[in-house]
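**Q** The structure file input00.pdb (PDB, C-alpha atoms and all ligand atoms) is provided below.
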ATOM      1  CA  LEU K1302       0.000   0.000   0.000  1.00  0.00           C
ATOM      2  CA  TYR K1303       1.524   3.275  -1.150  1.00  0.00           C
ATOM      3  CA  LEU K1304       0.157   6.601   0.105  1.00  0.00           C
ATOM      4  CA  ILE K1305       0.559  10.288  -0.658  1.00  0.00           C
ATOM      5  CA  HIS K1306       1.459  11.705   2.770  1.00  0.00           C
ATOM      6  CA  TRP K1307      -0.617  14.864   2.423  1.00  0.00           C
ATOM      7  CA  PRO K1308      -1.975  17.004  -0.419  1.00  0.00           C
ATOM      8  CA  LEU K1309       0.181  20.079   0.239  1.00  0.00           C
ATOM      9  CA  PRO K1310      -2.541  22.305  -1.297  1.00  0.00           C
ATOM     10  CA  LYS K1311      -0.246  25.347  -1.459  1.00  0.00           C
ATOM     11  CA  ARG K1312       1.771  23.642  -4.202  1.00  0.00           C
ATOM     12  CA  ASP K1313      -1.407  22.262  -5.805  1.00  0.00           C
ATOM     13  CA  ASN K1314       0.223  19.361  -7.612  1.00  0.00           C
ATOM     14  CA  TYR K1315      -1.473  16.514  -5.793  1.00  0.00           C
ATOM     15  CA  VAL K1316      -3.504  15.543  -8.885  1.00  0.00           C
ATOM     16  CA  GLU K1317      -0.214  15.028 -10.713  1.00  0.00           C
ATOM     17  CA  ALA K1318       1.123  13.060  -7.718  1.00  0.00           C
ATOM     18  CA  TRP K1319      -2.026  10.896  -7.770  1.00  0.00           C
ATOM     19  CA  GLN K1320      -1.553  10.245 -11.495  1.00  0.00           C
ATOM     20  CA  ALA K1321       1.989   9.044 -10.724  1.00  0.00           C
ATOM     21  CA  LEU K1322       0.660   6.571  -8.164  1.00  0.00           C
ATOM     22  CA  ILE K1323      -1.937   5.323 -10.663  1.00  0.00           C
ATOM     23  CA  GLU K1324       0.866   4.773 -13.168  1.00  0.00           C
ATOM     24  CA  ALA K1325       2.980   2.946 -10.543  1.00  0.00           C
ATOM     25  CA  GLN K1326       0.049   0.639  -9.857  1.00  0.00           C
ATOM     26  CA  ARG K1327      -0.594   0.115 -13.593  1.00  0.00           C
ATOM     27  CA  ARG K1328       3.038  -0.977 -13.991  1.00  0.00           C
ATOM     28  CA  GLY K1329       2.664  -3.439 -11.112  1.00  0.00           C
ATOM     29  CA  LEU K1330       5.149  -1.625  -8.867  1.00  0.00           C
ATOM     30  CA  VAL K1331       2.631  -1.284  -6.024  1.00  0.00           C
ATOM     31  CA  ARG K1332      -0.449  -3.329  -5.289  1.00  0.00           C
ATOM     32  CA  SER K1333      -2.656  -0.698  -3.685  1.00  0.00           C
ATOM     33  CA  ILE K1334      -2.687   3.109  -3.699  1.00  0.00           C
ATOM     34  CA  GLY K1335      -4.159   5.661  -1.348  1.00  0.00           C
ATOM     35  CA  VAL K1336      -3.803   9.034   0.291  1.00  0.00           C
ATOM     36  CA  SER K1337      -3.349  10.567   3.714  1.00  0.00           C
ATOM     37  CA  ASN K1338      -4.579  13.806   5.270  1.00  0.00           C
ATOM     38  CA  PHE K1339      -6.872  14.434   2.289  1.00  0.00           C
ATOM     39  CA  GLU K1340     -10.029  16.494   2.942  1.00  0.00           C
ATOM     40  CA  LYS K1341     -13.219  16.126   0.913  1.00  0.00           C
ATOM     41  CA  GLU K1342     -12.228  18.787  -1.628  1.00  0.00           C
ATOM     42  CA  HIS K1343      -8.927  16.999  -2.316  1.00  0.00           C
ATOM     43  CA  LEU K1344     -10.653  13.642  -2.752  1.00  0.00           C
ATOM     44  CA  ASP K1345     -13.278  15.173  -5.056  1.00  0.00           C
ATOM     45  CA  LYS K1346     -10.546  16.719  -7.176  1.00  0.00           C
ATOM     46  CA  ILE K1347      -8.330  13.646  -7.693  1.00  0.00           C
ATOM     47  CA  ILE K1348     -11.294  11.333  -8.285  1.00  0.00           C
ATOM     48  CA  SER K1349     -12.978  13.589 -10.820  1.00  0.00           C
ATOM     49  CA  ALA K1350      -9.668  14.263 -12.606  1.00  0.00           C
ATOM     50  CA  THR K1351      -8.606  10.605 -12.918  1.00  0.00           C
ATOM     51  CA  GLY K1352     -11.666   8.403 -12.285  1.00  0.00           C
ATOM     52  CA  VAL K1353      -9.562   6.443  -9.766  1.00  0.00           C
ATOM     53  CA  THR K1354     -10.623   6.313  -6.105  1.00  0.00           C
ATOM     54  CA  PRO K1355      -7.968   5.814  -3.400  1.00  0.00           C
ATOM     55  CA  ALA K1356      -8.162   2.520  -1.509  1.00  0.00           C
ATOM     56  CA  VAL K1357      -7.341   4.263   1.760  1.00  0.00           C
ATOM     57  CA  ASN K1358      -7.408   7.731   3.325  1.00  0.00           C
ATOM     58  CA  GLN K1359      -5.226   7.877   6.467  1.00  0.00           C
ATOM     59  CA  ASN K1360      -6.407  10.696   8.742  1.00  0.00           C
ATOM     60  CA  GLU K1361      -5.809  11.907  12.277  1.00  0.00           C
ATOM     61  CA  ILE K1362      -8.699  10.478  14.294  1.00  0.00           C
ATOM     62  CA  HIS K1363      -9.041   9.884  18.017  1.00  0.00           C
ATOM     63  CA  PRO K1364     -11.815  10.378  20.593  1.00  0.00           C
ATOM     64  CA  TYR K1365     -11.132  14.109  20.988  1.00  0.00           C
ATOM     65  CA  TRP K1366     -11.226  14.521  17.181  1.00  0.00           C
ATOM     66  CA  PRO K1367     -13.676  12.008  15.713  1.00  0.00           C
ATOM     67  CA  GLN K1368     -13.785  13.610  12.201  1.00  0.00           C
ATOM     68  CA  GLU K1369     -17.369  12.509  11.577  1.00  0.00           C
ATOM     69  CA  SER K1370     -17.869  14.338   8.308  1.00  0.00           C
ATOM     70  CA  LEU K1371     -14.580  13.174   6.766  1.00  0.00           C
ATOM     71  CA  VAL K1372     -15.242   9.569   7.824  1.00  0.00           C
ATOM     72  CA  SER K1373     -18.668   9.793   6.089  1.00  0.00           C
ATOM     73  CA  THR K1374     -17.072  11.177   2.942  1.00  0.00           C
ATOM     74  CA  ASN K1375     -14.584   8.301   2.872  1.00  0.00           C
ATOM     75  CA  GLN K1376     -17.432   5.820   3.404  1.00  0.00           C
ATOM     76  CA  GLU K1377     -19.501   7.344   0.610  1.00  0.00           C
ATOM     77  CA  TYR K1378     -16.575   6.908  -1.766  1.00  0.00           C
ATOM     78  CA  GLY K1379     -15.921   3.335  -0.531  1.00  0.00           C
ATOM     79  CA  ILE K1380     -12.506   4.423   0.794  1.00  0.00           C
ATOM     80  CA  VAL K1381     -11.117   2.630   3.874  1.00  0.00           C
ATOM     81  CA  THR K1382     -10.497   5.155   6.647  1.00  0.00           C
ATOM     82  CA  GLU K1383      -7.272   4.544   8.547  1.00  0.00           C
ATOM     83  CA  ALA K1384      -6.694   6.468  11.774  1.00  0.00           C
ATOM     84  CA  TRP K1385      -3.258   7.833  12.534  1.00  0.00           C
ATOM     85  CA  SER K1386      -2.490   8.745  16.153  1.00  0.00           C
ATOM     86  CA  PRO K1387      -5.565   6.645  17.006  1.00  0.00           C
ATOM     87  CA  LEU K1388      -4.702   6.841  20.714  1.00  0.00           C
ATOM     88  CA  GLY K1389      -4.075  10.571  20.523  1.00  0.00           C
ATOM     89  CA  ARG K1390      -0.303   9.948  20.774  1.00  0.00           C
ATOM     90  CA  GLY K1391      -0.615   8.518  24.234  1.00  0.00           C
ATOM     91  CA  SER K1392      -2.322  11.741  25.361  1.00  0.00           C
ATOM     92  CA  SER K1393      -4.829  12.483  28.093  1.00  0.00           C
ATOM     93  CA  GLU K1394      -7.451  10.531  26.173  1.00  0.00           C
ATOM     94  CA  LEU K1395      -5.948   7.482  27.869  1.00  0.00           C
ATOM     95  CA  THR K1396      -6.975   8.929  31.230  1.00  0.00           C
ATOM     96  CA  GLU K1397     -10.331  10.386  30.180  1.00  0.00           C
ATOM     97  CA  PRO K1398     -12.808   9.400  32.947  1.00  0.00           C
ATOM     98  CA  LEU K1399     -15.455   7.968  30.597  1.00  0.00           C
ATOM     99  CA  ILE K1400     -12.859   5.793  28.862  1.00  0.00           C
ATOM    100  CA  LEU K1401     -11.495   4.575  32.208  1.00  0.00           C
ATOM    101  CA  LYS K1402     -15.048   3.742  33.285  1.00  0.00           C
ATOM    102  CA  LEU K1403     -15.568   1.649  30.143  1.00  0.00           C
ATOM    103  CA  ALA K1404     -12.182   0.001  30.658  1.00  0.00           C
ATOM    104  CA  GLU K1405     -13.299  -1.126  34.088  1.00  0.00           C
ATOM    105  CA  LYS K1406     -16.677  -2.313  32.784  1.00  0.00           C
ATOM    106  CA  TYR K1407     -15.129  -4.490  30.034  1.00  0.00           C
ATOM    107  CA  ASP K1408     -12.002  -5.486  31.994  1.00  0.00           C
ATOM    108  CA  LYS K1409      -9.778  -3.828  29.344  1.00  0.00           C
ATOM    109  CA  ASN K1410      -7.364  -0.909  29.400  1.00  0.00           C
ATOM    110  CA  ALA K1411      -8.055   2.572  28.009  1.00  0.00           C
ATOM    111  CA  GLY K1412      -6.076   1.926  24.805  1.00  0.00           C
ATOM    112  CA  GLN K1413      -8.156  -1.147  24.055  1.00  0.00           C
ATOM    113  CA  ILE K1414     -11.410   0.798  24.569  1.00  0.00           C
ATOM    114  CA  ILE K1415     -10.251   3.485  22.144  1.00  0.00           C
ATOM    115  CA  LEU K1416      -9.114   0.975  19.515  1.00  0.00           C
ATOM    116  CA  ARG K1417     -12.415  -0.896  19.822  1.00  0.00           C
ATOM    117  CA  TRP K1418     -14.259   2.429  19.348  1.00  0.00           C
ATOM    118  CA  HIS K1419     -12.414   2.936  16.037  1.00  0.00           C
ATOM    119  CA  ILE K1420     -13.200  -0.595  14.815  1.00  0.00           C
ATOM    120  CA  GLN K1421     -16.915  -0.190  15.613  1.00  0.00           C
ATOM    121  CA  ARG K1422     -16.951   3.075  13.631  1.00  0.00           C
ATOM    122  CA  GLY K1423     -15.614   1.138  10.627  1.00  0.00           C
ATOM    123  CA  ILE K1424     -12.149   2.680  10.969  1.00  0.00           C
ATOM    124  CA  LEU K1425      -8.812   0.869  10.821  1.00  0.00           C
ATOM    125  CA  PRO K1426      -6.584   2.236  13.603  1.00  0.00           C
ATOM    126  CA  VAL K1427      -2.820   2.310  12.949  1.00  0.00           C
ATOM    127  CA  ALA K1428      -1.619   2.337  16.543  1.00  0.00           C
ATOM    128  CA  LYS K1429       2.081   2.605  17.224  1.00  0.00           C
ATOM    129  CA  ALA K1430       3.413   0.733  20.240  1.00  0.00           C
ATOM    130  CA  THR K1431       6.998  -0.086  21.127  1.00  0.00           C
ATOM    131  CA  THR K1432       6.107  -1.723  24.458  1.00  0.00           C
ATOM    132  CA  PRO K1433       5.449  -5.465  23.936  1.00  0.00           C
ATOM    133  CA  GLN K1434       2.624  -5.414  26.475  1.00  0.00           C
ATOM    134  CA  HIS K1435       0.906  -2.603  24.533  1.00  0.00           C
ATOM    135  CA  GLN K1436       1.393  -4.491  21.268  1.00  0.00           C
ATOM    136  CA  ARG K1437      -0.257  -7.638  22.657  1.00  0.00           C
ATOM    137  CA  ARG K1438      -3.109  -5.746  24.271  1.00  0.00           C
ATOM    138  CA  ASN K1439      -3.785  -3.627  21.219  1.00  0.00           C
ATOM    139  CA  LEU K1440      -4.541  -6.808  19.261  1.00  0.00           C
ATOM    140  CA  ASP K1441      -6.794  -8.183  21.982  1.00  0.00           C
ATOM    141  CA  ILE K1442      -9.902  -6.134  21.203  1.00  0.00           C
ATOM    142  CA  PHE K1443     -12.191  -8.604  19.465  1.00  0.00           C
ATOM    143  CA  ASP K1444     -13.883 -10.261  22.439  1.00  0.00           C
ATOM    144  CA  PHE K1445     -16.135  -7.396  23.545  1.00  0.00           C
ATOM    145  CA  THR K1446     -18.531  -4.888  21.976  1.00  0.00           C
ATOM    146  CA  LEU K1447     -19.260  -1.319  23.063  1.00  0.00           C
ATOM    147  CA  THR K1448     -22.925  -0.335  22.978  1.00  0.00           C
ATOM    148  CA  GLU K1449     -24.027   2.255  20.393  1.00  0.00           C
ATOM    149  CA  THR K1450     -24.470   4.773  23.207  1.00  0.00           C
ATOM    150  CA  GLU K1451     -20.933   4.174  24.463  1.00  0.00           C
ATOM    151  CA  VAL K1452     -19.511   4.664  20.962  1.00  0.00           C
ATOM    152  CA  SER K1453     -21.294   8.003  20.588  1.00  0.00           C
ATOM    153  CA  GLN K1454     -20.373   9.091  24.136  1.00  0.00           C
TER     154      GLN K1454
HETATM  155  N1  LIG K1501      -0.196  10.085   7.929  1.00  0.00           N
HETATM  156  C1  LIG K1501       0.285  10.960   8.782  1.00  0.00           C
HETATM  157  O1  LIG K1501       0.357  12.170   8.522  1.00  0.00           O
HETATM  158  C2  LIG K1501       0.753  10.508  10.131  1.00  0.00           C
HETATM  159  C3  LIG K1501       1.053  11.449  11.117  1.00  0.00           C
HETATM  160  C4  LIG K1501       1.457  10.997  12.391  1.00  0.00           C
HETATM  161  C5  LIG K1501       1.555   9.630  12.625  1.00  0.00           C
HETATM  162  N2  LIG K1501       1.267   8.743  11.616  1.00  0.00           N
HETATM  163  C6  LIG K1501       1.388   7.283  11.861  1.00  0.00           C
HETATM  164  O2  LIG K1501       0.446   6.850  12.830  1.00  0.00           O
HETATM  165  C7  LIG K1501       1.029   5.852  13.676  1.00  0.00           C
HETATM  166  C8  LIG K1501       0.550   6.066  15.090  1.00  0.00           C
HETATM  167  O3  LIG K1501       0.638   7.416  15.477  1.00  0.00           O
HETATM  168  P1  LIG K1501       1.342   7.963  16.813  1.00  0.00           P
HETATM  169  O4  LIG K1501       2.519   7.137  17.122  1.00  0.00           O
HETATM  170  O5  LIG K1501       1.504   9.434  16.638  1.00  0.00           O
HETATM  171  O6  LIG K1501       0.224   7.852  17.931  1.00  0.00           O
HETATM  172  P2  LIG K1501      -0.595   6.708  18.703  1.00  0.00           P
HETATM  173  O7  LIG K1501      -0.525   5.386  18.015  1.00  0.00           O
HETATM  174  O8  LIG K1501      -1.924   7.318  18.953  1.00  0.00           O
HETATM  175  O9  LIG K1501       0.187   6.674  20.100  1.00  0.00           O
HETATM  176  C9  LIG K1501       1.425   6.030  20.282  1.00  0.00           C
HETATM  177  C10 LIG K1501       1.737   6.142  21.755  1.00  0.00           C
HETATM  178  O10 LIG K1501       0.738   5.438  22.498  1.00  0.00           O
HETATM  179  C11 LIG K1501       1.358   4.500  23.369  1.00  0.00           C
HETATM  180  N3  LIG K1501       0.503   3.318  23.434  1.00  0.00           N
HETATM  181  C12 LIG K1501       0.303   2.370  22.476  1.00  0.00           C
HETATM  182  N4  LIG K1501      -0.576   1.443  22.900  1.00  0.00           N
HETATM  183  C13 LIG K1501      -0.944   1.796  24.174  1.00  0.00           C
HETATM  184  C14 LIG K1501      -1.814   1.241  25.136  1.00  0.00           C
HETATM  185  N5  LIG K1501      -2.510   0.117  24.897  1.00  0.00           N
HETATM  186  N6  LIG K1501      -1.959   1.885  26.325  1.00  0.00           N
HETATM  187  C15 LIG K1501      -1.271   3.025  26.566  1.00  0.00           C
HETATM  188  N7  LIG K1501      -0.432   3.601  25.699  1.00  0.00           N
HETATM  189  C16 LIG K1501      -0.261   2.998  24.497  1.00  0.00           C
HETATM  190  C17 LIG K1501       2.692   4.191  22.756  1.00  0.00           C
HETATM  191  O11 LIG K1501       3.599   3.822  23.790  1.00  0.00           O
HETATM  192  P3  LIG K1501       4.701   2.663  23.599  1.00  0.00           P
HETATM  193  O12 LIG K1501       5.478   3.027  22.362  1.00  0.00           O
HETATM  194  O13 LIG K1501       5.474   2.708  24.871  1.00  0.00           O
HETATM  195  O14 LIG K1501       3.999   1.342  23.413  1.00  0.00           O
HETATM  196  C18 LIG K1501       3.064   5.532  22.119  1.00  0.00           C
HETATM  197  O15 LIG K1501       3.617   6.392  23.094  1.00  0.00           O
HETATM  198  C19 LIG K1501       2.540   6.012  13.556  1.00  0.00           C
HETATM  199  O16 LIG K1501       3.091   4.757  13.260  1.00  0.00           O
HETATM  200  C20 LIG K1501       2.755   7.011  12.425  1.00  0.00           C
HETATM  201  O17 LIG K1501       3.557   6.501  11.374  1.00  0.00           O
HETATM  202  C21 LIG K1501       0.870   9.155  10.389  1.00  0.00           C
END
Go through the file and emit its structure as structure tokens.
Ligand SMILES: NC(=O)c1ccc[n+]([C@@H]2O[C@H](COP(=O)([O-])OP(=O)(O)OC[C@H]3O[C@@H](n4cnc5c(N)ncnc54)[C@H](OP(=O)(O)O)[C@@H]3O)[C@@H](O)[C@H]2O)c1
**A**
Amino acid sequence: LYLIHWPLPKRDNYVEAWQALIEAQRRGLVRSIGVSNFEKEHLDKIISATGVTPAVNQNEIHPYWPQESLVSTNQEYGIVTEAWSPLGRGSSELTEPLILKLAEKYDKNAGQIILRWHIQRGILPVAKATTPQHQRRNLDIFDFTLTETEVSQ
């Protein structure tokens, strides 16, 4: 999977960059192509110019910044939303009282609650973890389900 890191709108050559990725895929150099940090207007522009929709849009998403409208846009286009900094870079979201309450309820830790919240919103979280215990726990999120109310809270 090969992504454009961000559109850099000031330079306004992301359509050309997208065409280069399409060509790389056509030549078999990469299997899948996508973008990152693209807003709706950038997606509209590359898709209408080339007719090719990115497989993935990787965006900053975490509980303090749920990006509802962008996630809907991705869904409408059939683009997989990936979340970067899905845990808010180890920020205070990991000690947010509501998240700690849910962690206690489901016998999980705060990181697992947040990652589960992404999955239930149809988002693929790209969590970074260097601590082996975090790595193991971040994969162990498929044996419980948050209620719809908890996801929206
Ligand atoms: N496309 C873009 O523009 C863009 C921008 C920024 C980042 N990214 C990508 O997104 C990925 C993740 O972003 P990120 O590293 O900024 O933020 P993140 O994944 O939200 O947070 C990483 C931090 O959370 C800690 N952590 C991981 N699992 C935890 C758990 N279960 N409980 C408590 N703490 C936990 C990690 O600690 P330990 O390391 O000690 O485990 C690390 O300090 C990166 O690999 C990066 O490449 C992309």
**Q** Step by step, gather every atom of ligand LIG 1501 (chain K) that the file lists, find the box along x, y and z that holds them, add 6 Å on each side, and finally give centre and edge lengths in Å to one decimal, as JSON.
**A**
{"center_x": 1.5, "center_y": 6.1, "center_z": 17.2, "size_x": 20.0, "size_y": 24.1, "size_z": 30.6}
**Q** Which neighbours of Gly1412 (chain K) fall inside 9 Å, counting all atoms listed in the file, when residues of the same chain fewer than 2 positions from it are skipped, and could you give them as a ChimeraX atom specification?
**A** /K:1388,1391,1394-1395,1400,1404,1409-1410,1414-1417,1435,1438-1439
**Q** Report as JSON, numbers by chain the full result of the PyMOL selection byres (((chain K and resi 1381) around 10) and not hetatm) when it is applied to this structure.
**A** {"K": [1335, 1355, 1356, 1357, 1358, 1359, 1372, 1375, 1376, 1378, 1379, 1380, 1382, 1383, 1384, 1423, 1424, 1425]}
**Q** Counting only C-alpha atoms and all ligand atoms, what are the residues, protein, DNA or RNA alike, that approach ligand LIG 1501 (chain K) to within 7 Å? I want them as an MDAnalysis selection string.
**A** chainID K and resid 1306:1307 1337:1338 1359:1361 1385:1391 1395 1410:1413 1427:1433 1435:1436 1438:1439
**Q** Go ahead and save the picked residues with C-alpha atoms, as a PDB file, in the frame of the given file.
**A**
ATOM      1  CA  HIS K1306       1.459  11.705   2.770  1.00  0.00           C
ATOM      2  CA  TRP K1307      -0.617  14.864   2.423  1.00  0.00           C
ATOM      3  CA  SER K1337      -3.349  10.567   3.714  1.00  0.00           C
ATOM      4  CA  ASN K1338      -4.579  13.806   5.270  1.00  0.00           C
ATOM      5  CA  GLN K1359      -5.226   7.877   6.467  1.00  0.00           C
ATOM      6  CA  ASN K1360      -6.407  10.696   8.742  1.00  0.00           C
ATOM      7  CA  GLU K1361      -5.809  11.907  12.277  1.00  0.00           C
ATOM      8  CA  TRP K1385      -3.258   7.833  12.534  1.00  0.00           C
ATOM      9  CA  SER K1386      -2.490   8.745  16.153  1.00  0.00           C
ATOM     10  CA  PRO K1387      -5.565   6.645  17.006  1.00  0.00           C
ATOM     11  CA  LEU K1388      -4.702   6.841  20.714  1.00  0.00           C
ATOM     12  CA  GLY K1389      -4.075  10.571  20.523  1.00  0.00           C
ATOM     13  CA  ARG K1390      -0.303   9.948  20.774  1.00  0.00           C
ATOM     14  CA  GLY K1391      -0.615   8.518  24.234  1.00  0.00           C
ATOM     15  CA  LEU K1395      -5.948   7.482  27.869  1.00  0.00           C
ATOM     16  CA  ASN K1410      -7.364  -0.909  29.400  1.00  0.00           C
ATOM     17  CA  ALA K1411      -8.055   2.572  28.009  1.00  0.00           C
ATOM     18  CA  GLY K1412      -6.076   1.926  24.805  1.00  0.00           C
ATOM     19  CA  GLN K1413      -8.156  -1.147  24.055  1.00  0.00           C
ATOM     20  CA  VAL K1427      -2.820   2.310  12.949  1.00  0.00           C
ATOM     21  CA  ALA K1428      -1.619   2.337  16.543  1.00  0.00           C
ATOM     22  CA  LYS K1429       2.081   2.605  17.224  1.00  0.00           C
ATOM     23  CA  ALA K1430       3.413   0.733  20.240  1.00  0.00           C
ATOM     24  CA  THR K1431       6.998  -0.086  21.127  1.00  0.00           C
ATOM     25  CA  THR K1432       6.107  -1.723  24.458  1.00  0.00           C
ATOM     26  CA  PRO K1433       5.449  -5.465  23.936  1.00  0.00           C
ATOM     27  CA  HIS K1435       0.906  -2.603  24.533  1.00  0.00           C
ATOM     28  CA  GLN K1436       1.393  -4.491  21.268  1.00  0.00           C
ATOM     29  CA  ARG K1438      -3.109  -5.746  24.271  1.00  0.00           C
ATOM     30  CA  ASN K1439      -3.785  -3.627  21.219  1.00  0.00           C
TER      31      ASN K1439
END
**Q** Name the residues that the PyMOL selection byres (((chain K and resi 1454) around 10) and not hetatm) pulls out of this structure, and write them as JSON, numbers by chain.
**A** {"K": [1364, 1399, 1400, 1448, 1449, 1450, 1451, 1452, 1453]}
**Q** Decode the PyMOL selection byres (((chain K and resi 1310-1314) around 12) and not hetatm) for the given file into explicit residues and return them as a list of chain:residue names.
**A**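 Taken over the shown coordinates, the PyMOL selection byres (((chain K and resi 1310-1314) around 12) and not hetatm) returns K:Ile1305, K:Trp1307, K:Pro1308, K:Leu1309, K:Tyr1315, K:Val1316, K:Glu1317, K:Ala1318, K:Trp1319, K:Gln1320, K:Ala1321, K:Asn1338, K:Phe1339, K:Glu1340, K:Glu1342, K:His1343, K:Leu1344, K:Lys1346, K:Ile1347.
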**Q** At what distance in Å, to one decimal, does CA of Tyr1303 (chain K) lie from CA of Ala1325 (chain K)?
**A**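 So the answer is 9.5 Å.
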**Q** Would you mind reading off the distance between CA of Leu1447 (chain K) and CA of Tyr1407 (chain K), one decimal, in Å?
**A**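 Separation between CA of Leu1447 (chain K) and CA of Tyr1407 (chain K): 8.7 Å.
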**Q** For Pro1426 (chain K), which residue among K:Lys1402, K:His1363, K:Lys1341, K:Arg1328 is the nearest when counting all atoms listed in the file?
**A**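 Among K:Lys1402, K:His1363, K:Lys1341, K:Arg1328, it is K:His1363 that comes nearest to Pro1426 (chain K).
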**Q** Have a look at K:Ser1349, K:Ser1393, K:Ile1442, K:Asp1408 and name the one nearest to Tyr1365 (chain K); count only C-alpha atoms.
**A**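 Nearest candidate to Tyr1365 (chain K) out of K:Ser1349, K:Ser1393, K:Ile1442, K:Asp1408: K:Ser1393.
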**Q** Calculate how many Å separate CA of Ser1370 (chain K) from CA of Asp1345 (chain K), rounding to one decimal.
**A** 14.2 Å
**Q** Looking at K:Ile1362, K:Thr1351, K:Gln1326, K:Ile1334, which one is nearest to Leu1304 (chain K), with distances taken over all atoms listed in the file?
**A**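 Closest residue, counting all atoms listed in the file: K:Ile1334.
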**Q** Looking at K:Phe1443, K:Gln1421, K:Gln1434, K:Val1336, which one is nearest to Leu1322 (chain K), with distances taken over all atoms listed in the file?
**A**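 Closest candidate: K:Val1336.
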**Q** How would region 1302-1314 of chain K of the given structure read as a file with N, CA, C and O atoms, as a PDB file, in the first residue's frame?
**A**
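The file below, result-v5.pdb, is the result:
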ATOM      1  N   LEU K1302       0.855  -1.192   0.000  1.00  0.00           N
ATOM      2  CA  LEU K1302       0.000   0.000   0.000  1.00  0.00           C
ATOM      3  C   LEU K1302       0.887   1.236   0.000  1.00  0.00           C
ATOM      4  O   LEU K1302       1.751   1.378   0.868  1.00  0.00           O
ATOM      5  N   TYR K1303       0.681   2.083  -0.987  1.00  0.00           N
ATOM      6  CA  TYR K1303       1.524   3.275  -1.150  1.00  0.00           C
ATOM      7  C   TYR K1303       0.628   4.508  -1.030  1.00  0.00           C
ATOM      8  O   TYR K1303      -0.412   4.593  -1.689  1.00  0.00           O
ATOM      9  N   LEU K1304       1.023   5.442  -0.157  1.00  0.00           N
ATOM     10  CA  LEU K1304       0.157   6.601   0.105  1.00  0.00           C
ATOM     11  C   LEU K1304       0.855   7.923  -0.226  1.00  0.00           C
ATOM     12  O   LEU K1304       2.071   8.033  -0.063  1.00  0.00           O
ATOM     13  N   ILE K1305       0.071   8.903  -0.631  1.00  0.00           N
ATOM     14  CA  ILE K1305       0.559  10.288  -0.658  1.00  0.00           C
ATOM     15  C   ILE K1305       0.408  10.817   0.771  1.00  0.00           C
ATOM     16  O   ILE K1305      -0.687  10.751   1.344  1.00  0.00           O
ATOM     17  N   HIS K1306       1.482  11.337   1.353  1.00  0.00           N
ATOM     18  CA  HIS K1306       1.459  11.705   2.770  1.00  0.00           C
ATOM     19  C   HIS K1306       0.439  12.797   3.085  1.00  0.00           C
ATOM     20  O   HIS K1306      -0.315  12.704   4.042  1.00  0.00           O
ATOM     21  N   TRP K1307       0.440  13.850   2.271  1.00  0.00           N
ATOM     22  CA  TRP K1307      -0.617  14.864   2.423  1.00  0.00           C
ATOM     23  C   TRP K1307      -0.681  15.695   1.142  1.00  0.00           C
ATOM     24  O   TRP K1307       0.288  15.714   0.354  1.00  0.00           O
ATOM     25  N   PRO K1308      -1.804  16.388   0.907  1.00  0.00           N
ATOM     26  CA  PRO K1308      -1.975  17.004  -0.419  1.00  0.00           C
ATOM     27  C   PRO K1308      -1.103  18.235  -0.667  1.00  0.00           C
ATOM     28  O   PRO K1308      -0.883  18.592  -1.822  1.00  0.00           O
ATOM     29  N   LEU K1309      -0.616  18.857   0.382  1.00  0.00           N
ATOM     30  CA  LEU K1309       0.181  20.079   0.239  1.00  0.00           C
ATOM     31  C   LEU K1309      -0.508  21.061  -0.731  1.00  0.00           C
ATOM     32  O   LEU K1309       0.026  21.386  -1.794  1.00  0.00           O
ATOM     33  N   PRO K1310      -1.710  21.526  -0.365  1.00  0.00           N
ATOM     34  CA  PRO K1310      -2.541  22.305  -1.297  1.00  0.00           C
ATOM     35  C   PRO K1310      -1.867  23.567  -1.822  1.00  0.00           C
ATOM     36  O   PRO K1310      -2.148  24.002  -2.933  1.00  0.00           O
ATOM     37  N   LYS K1311      -0.928  24.128  -1.024  1.00  0.00           N
ATOM     38  CA  LYS K1311      -0.246  25.347  -1.459  1.00  0.00           C
ATOM     39  C   LYS K1311       0.484  25.135  -2.785  1.00  0.00           C
ATOM     40  O   LYS K1311       0.552  26.023  -3.622  1.00  0.00           O
ATOM     41  N   ARG K1312       1.054  23.945  -2.956  1.00  0.00           N
ATOM     42  CA  ARG K1312       1.771  23.642  -4.202  1.00  0.00           C
ATOM     43  C   ARG K1312       0.809  23.188  -5.302  1.00  0.00           C
ATOM     44  O   ARG K1312       1.145  23.224  -6.480  1.00  0.00           O
ATOM     45  N   ASP K1313      -0.346  22.680  -4.889  1.00  0.00           N
ATOM     46  CA  ASP K1313      -1.407  22.262  -5.805  1.00  0.00           C
ATOM     47  C   ASP K1313      -0.922  21.325  -6.926  1.00  0.00           C
ATOM     48  O   ASP K1313      -1.268  21.537  -8.091  1.00  0.00           O
ATOM     49  N   ASN K1314      -0.110  20.361  -6.573  1.00  0.00           N
ATOM     50  CA  ASN K1314       0.223  19.361  -7.612  1.00  0.00           C
ATOM     51  C   ASN K1314      -0.124  17.939  -7.167  1.00  0.00           C
ATOM     52  O   ASN K1314       0.470  16.975  -7.635  1.00  0.00           O
TER      53      ASN K1314
END
